[in-house]
Amino acid sequence: MGKQYWLMKSEPDAYAWGQLVKDGTGIWDGVRNHTAKLNLMAMKKGDEALFYHSNIGKECVGIMEITEESFPDPTAEEGSPWVVVRVAPVRALTHPVTLAAIKAEPRLADMDLIRQSRLSVGRVTPTEWQLILKMSETAAG
DNA sequence: GCCAACGTTGGC
DNA sequence: GCCAACGTTGGC
């Protein structure tokens with residue numbers, strides 16, 4: 001299988017893109033939803049993910065790489081099913097791609113982000129990924 | 001196993 | 001602040 005693409009949400013109040021850049025690497029902890037967990041478990045080292053700021057900003061702001069595949073979430077109770085992956089920032093998007101811009105693009109209407117708005121870790125198809133990156137080069141949203 | 005009540009997420 | 005979506009809990 002080729003590289004897979006993902007979108008991961010964080011409220012910037014809790015953990016922002018800038019913090020990940022500052023930290024250099026981080027674990028994506030706190031996921032407590034089974035669908036999101038399955039996505040974390042499906043991630044492979046070298047996959048790439050969009051960092052999305054939920055609530056404040058509501059936009060994709062950067063690209064991360066998965067640097068370590070899923071392992072138990074140290075912030076969860078022992079024996080619980082929750083997992084984390086390790087991520088590292090790759091680069092900021094030239095311009096953030098806003099939720100409004102994604103909603104305005106019919107070719108992105110099937111994204112997990114749109115169809116299942118509460119899902120914090122979603123899949124992005126290669127086609128969707130290329131389109132979002134292209135949008136990030138040309139517009140601020 | 002069904003469903004009402006309730007809590008959380010996240011957009012508006 | 002409100003509400004829709006959706007997950008969880010608990011009564012039956």
# chains A, B, ... in the order shown; residues from 1 in each chain; ligands from 1

call {"tool": "interface_residues", "arguments": {"of": "chain A", "to": "chain C", "cutoff": "12 Å", "atoms": "only C-alpha atoms (C1' of nucleotides)", "output": "PDB file with N, CA and C atoms, in the first residue's frame"}}
result
ATOM      1  N   ARG A  32     -10.647   9.571  22.242  1.00  0.00           N
ATOM      2  CA  ARG A  32     -11.537   8.691  23.010  1.00  0.00           C
ATOM      3  C   ARG A  32     -12.757   8.315  22.191  1.00  0.00           C
ATOM      4  N   ASN A  33     -12.526   8.069  20.946  1.00  0.00           N
ATOM      5  CA  ASN A  33     -13.604   7.705  20.028  1.00  0.00           C
ATOM      6  C   ASN A  33     -13.103   6.519  19.206  1.00  0.00           C
ATOM      7  N   HIS A  34     -13.971   5.523  19.082  1.00  0.00           N
ATOM      8  CA  HIS A  34     -13.488   4.275  18.490  1.00  0.00           C
ATOM      9  C   HIS A  34     -13.166   4.393  17.004  1.00  0.00           C
ATOM     10  N   THR A  35     -13.953   5.170  16.298  1.00  0.00           N
ATOM     11  CA  THR A  35     -13.665   5.359  14.873  1.00  0.00           C
ATOM     12  C   THR A  35     -12.320   6.058  14.695  1.00  0.00           C
ATOM     13  N   ILE A 114     -16.199  16.594   6.492  1.00  0.00           N
ATOM     14  CA  ILE A 114     -17.510  17.156   6.189  1.00  0.00           C
ATOM     15  C   ILE A 114     -18.627  16.208   6.595  1.00  0.00           C
ATOM     16  N   ARG A 115     -18.450  14.952   6.235  1.00  0.00           N
ATOM     17  CA  ARG A 115     -19.540  13.992   6.443  1.00  0.00           C
ATOM     18  C   ARG A 115     -19.707  13.603   7.897  1.00  0.00           C
ATOM     19  N   GLN A 116     -18.627  13.654   8.628  1.00  0.00           N
ATOM     20  CA  GLN A 116     -18.688  13.264  10.042  1.00  0.00           C
ATOM     21  C   GLN A 116     -17.933  14.312  10.852  1.00  0.00           C
ATOM     22  N   SER A 117     -18.614  15.406  11.092  1.00  0.00           N
ATOM     23  CA  SER A 117     -17.921  16.597  11.572  1.00  0.00           C
ATOM     24  C   SER A 117     -17.299  16.428  12.954  1.00  0.00           C
ATOM     25  N   ARG A 118     -17.800  15.476  13.713  1.00  0.00           N
ATOM     26  CA  ARG A 118     -17.257  15.323  15.071  1.00  0.00           C
ATOM     27  C   ARG A 118     -16.051  14.405  15.118  1.00  0.00           C
ATOM     28  N   LEU A 119     -15.761  13.730  14.023  1.00  0.00           N
ATOM     29  CA  LEU A 119     -14.647  12.782  14.028  1.00  0.00           C
ATOM     30  C   LEU A 119     -13.310  13.530  14.059  1.00  0.00           C
TER      31      LEU A 119
END

call {"tool": "residues_around", "arguments": {"residues": "Thr125 in chain A", "least_positions_apart": "3", "cutoff": "7 Å", "atoms": "only C-alpha atoms (C1' of nucleotides)", "output": "list in words"}}
result
Tyr5, Glu128 and Trp129 of chain A

call {"tool": "write_last_selection", "arguments": {"atoms": "N, CA and C atoms", "output": "PDB file, in the first residue's frame"}}
result
ATOM      1  N   TYR A   5      -3.073   9.192   3.775  1.00  0.00           N
ATOM      2  CA  TYR A   5      -3.227  10.577   4.223  1.00  0.00           C
ATOM      3  C   TYR A   5      -4.365  10.694   5.230  1.00  0.00           C
ATOM      4  N   GLU A 128      -8.073  14.061  -2.598  1.00  0.00           N
ATOM      5  CA  GLU A 128      -8.440  15.166  -1.712  1.00  0.00           C
ATOM      6  C   GLU A 128      -7.190  15.873  -1.189  1.00  0.00           C
ATOM      7  N   TRP A 129      -6.193  15.075  -0.862  1.00  0.00           N
ATOM      8  CA  TRP A 129      -4.934  15.623  -0.332  1.00  0.00           C
ATOM      9  C   TRP A 129      -4.291  16.582  -1.344  1.00  0.00           C
TER      10      TRP A 129
END

call {"tool": "residues_around", "arguments": {"residues": "Val61 in chain A", "least_positions_apart": "2", "cutoff": "9 Å", "atoms": "only C-alpha atoms (C1' of nucleotides)", "output": "JSON, numbers by chain"}}
result
{"A": [17, 50, 51, 52, 53, 59, 63, 92, 93, 94, 95, 96, 97, 98, 136]}

call {"tool": "residues_around", "arguments": {"residues": "Lys3 in chain A", "least_positions_apart": "4", "cutoff": "12 Å", "atoms": "only C-alpha atoms (C1' of nucleotides)", "output": "count of residues only"}}
result
15

call {"tool": "select_by_dssp", "arguments": {"residues": "chain A", "states": "alpha helix (DSSP H)", "output": "PyMOL selection string"}}
result
chain A and resi 17-23+34-42+99-103+112-115+126-138

call {"tool": "atom_distance", "arguments": {"atom1": "CA of Gly2 in chain A", "atom2": "CA of Val85 in chain A"}}
result
18.6 Å

call {"tool": "select_by_dssp", "arguments": {"residues": "range 45-130 of chain A", "states": "strand (DSSP E or B)", "output": "number ranges by chain"}}
result
A: 48-53, 59-72, 83-98, 121-124

call {"tool": "write_last_selection", "arguments": {"atoms": "N, CA and C atoms", "output": "short mmCIF file (atom, residue, chain, number, x, y, z; two decimals), in the first residue's frame"}}
result
data_model
loop_
_atom_site.label_atom_id
_atom_site.label_comp_id
_atom_site.auth_asym_id
_atom_site.auth_seq_id
_atom_site.Cartn_x
_atom_site.Cartn_y
_atom_site.Cartn_z
N GLU A 48 1.20 10.86 5.96
CA GLU A 48 1.14 12.30 6.24
C GLU A 48 -0.27 12.69 6.68
N ALA A 49 -0.32 13.73 7.50
CA ALA A 49 -1.60 14.17 8.04
C ALA A 49 -1.67 15.69 8.06
N LEU A 50 -2.87 16.18 7.78
CA LEU A 50 -3.13 17.62 7.94
C LEU A 50 -3.41 17.90 9.41
N PHE A 51 -2.87 18.99 9.89
CA PHE A 51 -3.16 19.47 11.25
C PHE A 51 -4.27 20.49 11.11
N TYR A 52 -5.43 20.18 11.71
CA TYR A 52 -6.61 21.04 11.60
C TYR A 52 -6.91 21.68 12.94
N HIS A 53 -7.08 23.00 12.91
CA HIS A 53 -7.47 23.72 14.13
C HIS A 53 -8.98 23.76 14.23
N GLU A 59 -9.48 25.59 10.36
CA GLU A 59 -8.70 25.54 9.13
C GLU A 59 -7.54 24.56 9.28
N CYS A 60 -7.14 24.03 8.14
CA CYS A 60 -5.94 23.20 8.08
C CYS A 60 -4.75 24.14 8.03
N VAL A 61 -3.79 23.89 8.90
CA VAL A 61 -2.68 24.84 8.99
C VAL A 61 -1.32 24.24 8.65
N GLY A 62 -1.18 22.93 8.76
CA GLY A 62 0.14 22.36 8.51
C GLY A 62 0.08 20.90 8.14
N ILE A 63 1.23 20.39 7.75
CA ILE A 63 1.38 18.98 7.39
C ILE A 63 2.30 18.31 8.40
N MET A 64 1.84 17.15 8.86
CA MET A 64 2.63 16.34 9.80
C MET A 64 2.99 15.02 9.14
N GLU A 65 4.00 14.40 9.70
CA GLU A 65 4.34 13.04 9.30
C GLU A 65 4.15 12.12 10.48
N ILE A 66 3.67 10.92 10.23
CA ILE A 66 3.58 9.92 11.29
C ILE A 66 4.97 9.31 11.44
N THR A 67 5.54 9.44 12.63
CA THR A 67 6.91 8.95 12.83
C THR A 67 6.96 7.68 13.67
N GLU A 68 5.85 7.37 14.33
CA GLU A 68 5.80 6.12 15.10
C GLU A 68 4.37 5.62 15.09
N GLU A 69 4.20 4.33 14.77
CA GLU A 69 2.86 3.76 14.68
C GLU A 69 2.25 3.57 16.06
N SER A 70 0.97 3.25 16.08
CA SER A 70 0.17 3.33 17.31
C SER A 70 0.71 2.48 18.45
N PHE A 71 0.59 3.07 19.63
CA PHE A 71 0.92 2.36 20.87
C PHE A 71 -0.02 2.90 21.95
N PRO A 72 -0.12 2.22 23.10
CA PRO A 72 -1.11 2.62 24.10
C PRO A 72 -0.94 4.06 24.55
N VAL A 83 -5.21 4.52 21.93
CA VAL A 83 -3.84 4.54 21.41
C VAL A 83 -3.45 5.95 20.96
N VAL A 84 -2.17 6.11 20.77
CA VAL A 84 -1.62 7.34 20.19
C VAL A 84 -0.69 6.97 19.03
N VAL A 85 -0.37 7.97 18.22
CA VAL A 85 0.76 7.84 17.29
C VAL A 85 1.71 8.99 17.60
N ARG A 86 2.94 8.84 17.15
CA ARG A 86 3.88 9.96 17.26
C ARG A 86 3.92 10.70 15.93
N VAL A 87 3.93 12.02 16.02
CA VAL A 87 3.94 12.85 14.81
C VAL A 87 5.06 13.87 14.90
N ALA A 88 5.43 14.37 13.72
CA ALA A 88 6.39 15.47 13.65
C ALA A 88 5.91 16.43 12.56
N PRO A 89 6.13 17.72 12.75
CA PRO A 89 5.72 18.68 11.73
C PRO A 89 6.59 18.53 10.48
N VAL A 90 5.98 18.65 9.32
CA VAL A 90 6.72 18.66 8.06
C VAL A 90 6.88 20.10 7.59
N ARG A 91 5.76 20.78 7.40
CA ARG A 91 5.80 22.20 7.05
C ARG A 91 4.43 22.80 7.27
N ALA A 92 4.41 24.12 7.46
CA ALA A 92 3.15 24.84 7.50
C ALA A 92 2.61 24.96 6.08
N LEU A 93 1.30 24.99 5.95
CA LEU A 93 0.70 25.30 4.65
C LEU A 93 0.99 26.76 4.30
N THR A 94 1.20 27.01 3.02
CA THR A 94 1.48 28.39 2.58
C THR A 94 0.35 29.32 3.03
N HIS A 95 -0.88 28.89 2.80
CA HIS A 95 -2.05 29.57 3.35
C HIS A 95 -2.91 28.50 4.02
N PRO A 96 -3.49 28.81 5.16
CA PRO A 96 -4.42 27.84 5.75
C PRO A 96 -5.58 27.57 4.80
N VAL A 97 -6.09 26.36 4.84
CA VAL A 97 -7.27 26.02 4.05
C VAL A 97 -8.44 25.90 5.03
N THR A 98 -9.37 26.81 4.92
CA THR A 98 -10.45 26.89 5.90
C THR A 98 -11.53 25.84 5.63
N VAL A 121 -10.15 12.25 14.00
CA VAL A 121 -9.07 11.71 13.17
C VAL A 121 -9.72 11.04 11.97
N GLY A 122 -9.57 11.65 10.80
CA GLY A 122 -10.25 11.15 9.61
C GLY A 122 -9.30 10.83 8.48
N ARG A 123 -9.79 10.04 7.54
CA ARG A 123 -9.03 9.74 6.35
C ARG A 123 -9.15 10.85 5.32
N VAL A 124 -8.10 11.00 4.54
CA VAL A 124 -8.10 11.90 3.40
C VAL A 124 -7.62 11.08 2.21
#

call {"tool": "atom_distance", "arguments": {"atom1": "CA of Asn39 in chain A", "atom2": "CA of Glu137 in chain A"}}
result
27.3 Å
